[in-house]
Every structure is written in C-alpha cells, then in structure tokens.
Amino acid sequence: MDPFQKFQNLYRKELDASNVIIPSSCCLSTIGTDGYPNARFVSLKEVKGNRFIITGPLDSRKGQELAYKPRAALTFWWPVTGKQVRIQGDALRIDASDADRYFSERPREAQVVSWVSKQGKPVDKKDTLKEQYNQLFDEFAGKKIPRPENWGGIGIEPVRIEFLAFSAERFHERVLYVRNGLQWNVQFLQP
Ligand SMILES: Cc1cc2nc3c(=O)[nH]c(=O)nc-3n(C[C@H](O)[C@H](O)[C@H](O)COP(=O)(O)O)c2cc1C
C-alpha cells in the first residue's frame with residue numbers, strides 16, 4: 001500500500017477513537033543553526049498530495065531553522081491505536097493562497113493572537129500583550145481578519161516514513177518506506 005494511504009487509514013482510526021484535546025499533535029524536529037536538533041509539538045493541518053502540512057509564524061525559531069536547513073522530521077504517537085509514525089523529509093513553504101485558507105480556518109481568538117504575539121520573543125509585561133489583544137480584537141470586530149505576513153505553512157515531503165505498531169511484548173512491527181524516485185521501497189525492521 002502507498003504510505004500516504006496507510007498514514008491516512010491509521011490516522012483516521014486514531015482520530016475516530018481519540019478523545020485527547022489535540023489528536024493532530026506531532027513533534028516537529030528541525031536542525032538548529034547551532035547544530036543541535038530542536039523539537040516542538042505542532043498540529044498537523046492535513047496531508048495534501050505528498051506533503052504533510054503544518055502552519056504557524058515562520059519567523060520564530062522553527063521558521064529560521066527550516067530556512068537554514070530545509071529538512072525536518074515529524075513524529076506521531078497515537079496512544080489509542082498504539083502506533084508511532086516517523087517521517088523525515090524536505091521542508092518547503094506552502095504558497096500564499098493556501099496559507100490564507102489555513103489562516104481563515106483558525107478561530108478568531110487564535111487569529112488575533114497571531115497578530116499580537118511575536119512568537120518566541122521575550123515577554124516584558126504579559127498584561128501589555130493582553131491589552132493589545134483586547135484592543136485588536138475590538139478593532140477587528142465584524143471584519144475578516146487578514147493573515148499576518150509572517151504567518152504561513154510548511155509542507156514536508158517525505159523521503160522516509162516508518163510505521164511502528166506497538167506490542168506489549170516489545171515485538172513491535174516496524175515497516176519502513178524509503179522513497180526511490182516515484183516509487184517506495186518497503187522494508188520490515190526488527191523491533
Ligand atoms: C499540542 C501542541 C500543538 C501546537 N501546535 C502548534 C502549531 O500548529 N503551530 C505552531 O506554530 N505552534 C504550535 N504549538 C507551539 C509550539 O510547540 C512551539 O511552542 C512554537 O511553535 C514555537 O516554536 P519555535 O520557537 O521553535 O518556533 C503547539 C504546541 C502544542 C503543545
């Protein structure tokens with residue numbers, strides 16, 4: 001089976017069974033400009049074609065690191081169905097019209113936070129941010145909130161995808177798909 005299809009099938013099963021608050025969460029790993037790996041959770045927006053899409057401000061550390069080395073890993077752990085998925089791939093910026101669409105699908109509160117917060121910059125006074133948020137929320141009342149220039153998305157195009165089905169006896173089943181041009185080579189790995 002095509003690994004994207006396999007991903008969608010397993011993801012759907014987890015989403016249907018899960019009651020966690022953000023079942024789309026996954027760990028995004030990047031290569032730090034100082035050489036140290038860096039990782040943080042993000043939320044998978046969708047799998048579009050052969051790309052795994054994530055979104056957010058692109059001038060914070062993750063954006064800077066992906067600009068420096070456009071390679072990333074995405075790691076999922078789905079506790080209900082007991083699956084791990086590891087993806088490594090090339091990171092490409094999504095185009096502006098797609099970014100507009102993802103931004104427009106966000107709740108208004110999150111949209112206003114995207115305008116107010118300079119993600120990752122030190123906080124002087126938390127109250128000031130909250131005041132700016134309240135002021136902007138009122139200013140945007142009744143209007144469509146535009147996407148801030150620095151907000152966008154990254155599509156990760158996998159070169160490797162590994163699925164692990166967790167086994168209590170530790171005989172995990174591991175299947176690795178390695179991209180070979182337009183084909184995928186499949187290997188079964190020891191646990
Ligand atoms: C479950 C979860 C989901 C998150 N989703 C996103 C997301 O989709 N986009 C985002 O920019 N940050 C998201 N965050 C915040 C990131 O973990 C991180 O704090 C932020 O992106 C700044 O990372 P950076 O400094 O490496 O750029 C999420 C955090 C958690 C815990």
# chains A, B, ... in the order shown; residues from 1 in each chain; ligands from 1
call {"tool": "residues_near_ligand", "arguments": {"ligand": "ligand 1", "cutoff": "9 Å", "atoms": "only C-alpha atoms and all ligand atoms", "output": "ChimeraX atom specification"}}
result
/A:21-30,38-45,54-65,119-121,151,153
call {"tool": "write_last_selection", "arguments": {"atoms": "C-alpha atoms", "output": "tab-separated table (two decimals), in the first residue's frame"}}
result
chain	number	residue	atom	x	y	z
A	21	ILE	CA	-7.67	17.71	23.02
A	22	ILE	CA	-5.33	17.90	20.01
A	23	PRO	CA	-5.20	14.48	18.35
A	24	SER	CA	-3.39	16.05	15.37
A	25	SER	CA	-0.37	16.91	17.52
A	26	CYS	CA	3.03	15.70	16.36
A	27	CYS	CA	6.64	16.50	17.13
A	28	LEU	CA	8.40	18.67	14.57
A	29	SER	CA	12.18	18.33	14.66
A	30	THR	CA	14.49	20.72	12.91
A	38	ASN	CA	15.40	21.16	18.10
A	39	ALA	CA	11.91	19.77	18.58
A	40	ARG	CA	8.47	21.03	19.49
A	41	PHE	CA	4.89	19.88	19.12
A	42	VAL	CA	2.77	21.29	16.34
A	43	SER	CA	-0.55	20.34	14.90
A	44	LEU	CA	-0.79	18.56	11.55
A	45	LYS	CA	-3.18	20.53	9.35
A	54	ILE	CA	1.98	22.42	9.37
A	55	THR	CA	1.35	26.12	9.97
A	56	GLY	CA	2.37	28.96	12.28
A	57	PRO	CA	4.58	32.03	12.41
A	58	LEU	CA	7.57	31.42	10.15
A	59	ASP	CA	9.93	33.97	11.68
A	60	SER	CA	10.25	32.17	15.02
A	61	ARG	CA	12.93	29.54	15.64
A	62	LYS	CA	11.31	26.76	13.64
A	63	GLY	CA	10.98	29.03	10.62
A	64	GLN	CA	14.55	30.27	10.93
A	65	GLU	CA	15.85	26.73	11.32
A	119	GLN	CA	6.34	34.04	18.86
A	120	GLY	CA	9.44	33.22	20.87
A	121	LYS	CA	10.40	36.82	21.70
A	151	TRP	CA	2.28	33.55	9.25
A	153	GLY	CA	2.90	26.97	6.40
call {"tool": "select_by_dssp", "arguments": {"residues": "range 17-176 of chain A", "states": "strand (DSSP E)", "output": "PyMOL selection string"}}
result
chain A and resi 25-31+37-43+46-48+51-57+71-78+83-93+151-165+173-176
call {"tool": "write_last_selection", "arguments": {"atoms": "C-alpha atoms", "output": "JSON list (two decimals), in the first residue's frame"}}
result
[["chain", "number", "residue", "atom", "x", "y", "z"],
["A", 25, "SER", "CA", -0.37, 16.91, 17.52],
["A", 26, "CYS", "CA", 3.03, 15.70, 16.36],
["A", 27, "CYS", "CA", 6.64, 16.50, 17.13],
["A", 28, "LEU", "CA", 8.40, 18.67, 14.57],
["A", 29, "SER", "CA", 12.18, 18.33, 14.66],
["A", 30, "THR", "CA", 14.49, 20.72, 12.91],
["A", 31, "ILE", "CA", 18.22, 21.24, 12.66],
["A", 37, "PRO", "CA", 18.46, 19.21, 16.98],
["A", 38, "ASN", "CA", 15.40, 21.16, 18.10],
["A", 39, "ALA", "CA", 11.91, 19.77, 18.58],
["A", 40, "ARG", "CA", 8.47, 21.03, 19.49],
["A", 41, "PHE", "CA", 4.89, 19.88, 19.12],
["A", 42, "VAL", "CA", 2.77, 21.29, 16.34],
["A", 43, "SER", "CA", -0.55, 20.34, 14.90],
["A", 46, "GLU", "CA", -3.60, 17.94, 6.60],
["A", 47, "VAL", "CA", -1.80, 15.71, 4.18],
["A", 48, "LYS", "CA", -2.08, 17.41, 0.82],
["A", 51, "ARG", "CA", 3.09, 16.88, 1.69],
["A", 52, "PHE", "CA", 2.41, 16.94, 5.42],
["A", 53, "ILE", "CA", 1.29, 20.48, 6.20],
["A", 54, "ILE", "CA", 1.98, 22.42, 9.37],
["A", 55, "THR", "CA", 1.35, 26.12, 9.97],
["A", 56, "GLY", "CA", 2.37, 28.96, 12.28],
["A", 57, "PRO", "CA", 4.58, 32.03, 12.41],
["A", 71, "ARG", "CA", 14.86, 19.33, 6.29],
["A", 72, "ALA", "CA", 12.59, 18.18, 9.05],
["A", 73, "ALA", "CA", 11.18, 15.21, 10.91],
["A", 74, "LEU", "CA", 7.60, 14.77, 12.09],
["A", 75, "THR", "CA", 6.88, 12.15, 14.73],
["A", 76, "PHE", "CA", 3.46, 10.94, 15.81],
["A", 77, "TRP", "CA", 2.44, 8.75, 18.73],
["A", 78, "TRP", "CA", -1.16, 7.59, 18.64],
["A", 83, "LYS", "CA", 1.03, 3.42, 16.52],
["A", 84, "GLN", "CA", 4.15, 5.53, 16.02],
["A", 85, "VAL", "CA", 4.86, 7.21, 12.69],
["A", 86, "ARG", "CA", 8.23, 8.78, 11.87],
["A", 87, "ILE", "CA", 8.60, 11.00, 8.84],
["A", 88, "GLN", "CA", 11.77, 12.61, 7.52],
["A", 89, "GLY", "CA", 11.64, 14.90, 4.57],
["A", 90, "ASP", "CA", 12.28, 18.12, 2.74],
["A", 91, "ALA", "CA", 10.53, 21.24, 4.02],
["A", 92, "LEU", "CA", 9.00, 23.65, 1.52],
["A", 93, "ARG", "CA", 6.96, 26.77, 2.18],
["A", 151, "TRP", "CA", 2.28, 33.55, 9.25],
["A", 152, "GLY", "CA", 2.41, 30.67, 6.83],
["A", 153, "GLY", "CA", 2.90, 26.97, 6.40],
["A", 154, "ILE", "CA", 5.45, 24.32, 5.64],
["A", 155, "GLY", "CA", 4.87, 21.22, 3.59],
["A", 156, "ILE", "CA", 7.09, 18.29, 4.48],
["A", 157, "GLU", "CA", 7.75, 16.00, 1.55],
["A", 158, "PRO", "CA", 8.85, 12.65, 2.98],
["A", 159, "VAL", "CA", 11.89, 10.71, 1.89],
["A", 160, "ARG", "CA", 11.32, 8.10, 4.64],
["A", 161, "ILE", "CA", 8.21, 7.06, 6.54],
["A", 162, "GLU", "CA", 8.32, 4.43, 9.26],
["A", 163, "PHE", "CA", 5.24, 2.91, 10.89],
["A", 164, "LEU", "CA", 5.57, 1.09, 14.21],
["A", 165, "ALA", "CA", 2.74, -0.92, 15.70],
["A", 173, "GLU", "CA", 6.07, -4.37, 13.97],
["A", 174, "ARG", "CA", 8.09, -1.84, 12.03],
["A", 175, "VAL", "CA", 7.68, -1.05, 8.36],
["A", 176, "LEU", "CA", 9.96, 1.44, 6.66]]
call {"tool": "select_by_dssp", "arguments": {"residues": "range 91-162 of chain A", "states": "helix (DSSP H, G or I)", "output": "ChimeraX atom specification"}}
result
/A:96-104,108-116,126-139
call {"tool": "residues_around", "arguments": {"residues": "range 139-150 of chain A", "least_positions_apart": "2", "cutoff": "12 Å", "atoms": "only C-alpha atoms", "output": "PyMOL selection string"}}
result
chain A and resi 55-60+63-64+93+96-119+132-137+152-153
call {"tool": "closest_atom_pairs", "arguments": {"of": "range 1-26 of chain A", "to": "range 183-189 of chain A", "cutoff": "10 Å", "atoms": "only C-alpha atoms", "output": "JSON lines"}}
result
{"residue": "A:Met1", "atom": "CA", "partner": "A:Trp184", "partner_atom": "CA", "distance": 9.6}
{"residue": "A:Asp2", "atom": "CA", "partner": "A:Trp184", "partner_atom": "CA", "distance": 7.8}
{"residue": "A:Pro3", "atom": "CA", "partner": "A:Trp184", "partner_atom": "CA", "distance": 8.1}
call {"tool": "closest_residue", "arguments": {"among": "A:Asn50, A:Thr33, A:Gln5, A:Ser18", "to": "Arg179 in chain A", "atoms": "only C-alpha atoms"}}
result
A:Asn50
call {"tool": "closest_residue", "arguments": {"among": "A:Arg170, A:Leu182, A:Gln8, A:Glu14", "to": "Thr81 in chain A", "atoms": "only C-alpha atoms"}}
result
A:Glu14
call {"tool": "atom_distance", "arguments": {"atom1": "CA of Val178 in chain A", "atom2": "CA of Arg12 in chain A"}}
result
22.7 Å
call {"tool": "atom_distance", "arguments": {"atom1": "CA of Pro79 in chain A", "atom2": "CA of Tyr177 in chain A"}}
result
22.0 Å
call {"tool": "atom_distance", "arguments": {"atom1": "CA of Asn19 in chain A", "atom2": "CA of Val80 in chain A"}}
result
9.2 Å
call {"tool": "decode", "arguments": {"residues": "range 94-106 of chain A", "atoms": "N, CA and C atoms", "output": "PDB file, in the first residue's frame"}}
result
ATOM      1  N   ILE A  94       4.561  26.582   1.898  1.00  0.00           N
ATOM      2  CA  ILE A  94       3.334  26.488   1.094  1.00  0.00           C
ATOM      3  C   ILE A  94       3.063  27.846   0.455  1.00  0.00           C
ATOM      4  N   ASP A  95       2.224  27.873  -0.583  1.00  0.00           N
ATOM      5  CA  ASP A  95       2.022  29.177  -1.237  1.00  0.00           C
ATOM      6  C   ASP A  95       1.013  30.032  -0.467  1.00  0.00           C
ATOM      7  N   ALA A  96       0.999  31.328  -0.822  1.00  0.00           N
ATOM      8  CA  ALA A  96       0.244  32.319  -0.049  1.00  0.00           C
ATOM      9  C   ALA A  96      -1.248  32.001  -0.016  1.00  0.00           C
ATOM     10  N   SER A  97      -1.792  31.481  -1.125  1.00  0.00           N
ATOM     11  CA  SER A  97      -3.248  31.242  -1.137  1.00  0.00           C
ATOM     12  C   SER A  97      -3.605  30.103  -0.184  1.00  0.00           C
ATOM     13  N   ASP A  98      -2.753  29.072  -0.096  1.00  0.00           N
ATOM     14  CA  ASP A  98      -3.011  28.003   0.871  1.00  0.00           C
ATOM     15  C   ASP A  98      -2.882  28.531   2.298  1.00  0.00           C
ATOM     16  N   ALA A  99      -1.850  29.363   2.523  1.00  0.00           N
ATOM     17  CA  ALA A  99      -1.657  29.933   3.866  1.00  0.00           C
ATOM     18  C   ALA A  99      -2.888  30.762   4.253  1.00  0.00           C
ATOM     19  N   ASP A 100      -3.434  31.538   3.302  1.00  0.00           N
ATOM     20  CA  ASP A 100      -4.640  32.338   3.577  1.00  0.00           C
ATOM     21  C   ASP A 100      -5.791  31.432   4.015  1.00  0.00           C
ATOM     22  N   ARG A 101      -5.924  30.312   3.312  1.00  0.00           N
ATOM     23  CA  ARG A 101      -7.028  29.392   3.631  1.00  0.00           C
ATOM     24  C   ARG A 101      -6.861  28.806   5.038  1.00  0.00           C
ATOM     25  N   TYR A 102      -5.641  28.312   5.347  1.00  0.00           N
ATOM     26  CA  TYR A 102      -5.442  27.742   6.694  1.00  0.00           C
ATOM     27  C   TYR A 102      -5.678  28.811   7.759  1.00  0.00           C
ATOM     28  N   PHE A 103      -5.222  30.049   7.488  1.00  0.00           N
ATOM     29  CA  PHE A 103      -5.394  31.108   8.482  1.00  0.00           C
ATOM     30  C   PHE A 103      -6.874  31.407   8.694  1.00  0.00           C
ATOM     31  N   SER A 104      -7.621  31.410   7.588  1.00  0.00           N
ATOM     32  CA  SER A 104      -9.048  31.751   7.697  1.00  0.00           C
ATOM     33  C   SER A 104      -9.831  30.672   8.461  1.00  0.00           C
ATOM     34  N   GLU A 105      -9.264  29.454   8.516  1.00  0.00           N
ATOM     35  CA  GLU A 105      -9.955  28.370   9.232  1.00  0.00           C
ATOM     36  C   GLU A 105      -9.690  28.404  10.745  1.00  0.00           C
ATOM     37  N   ARG A 106      -8.775  29.282  11.163  1.00  0.00           N
ATOM     38  CA  ARG A 106      -8.467  29.360  12.597  1.00  0.00           C
ATOM     39  C   ARG A 106      -9.555  30.131  13.331  1.00  0.00           C
TER      40      ARG A 106
END
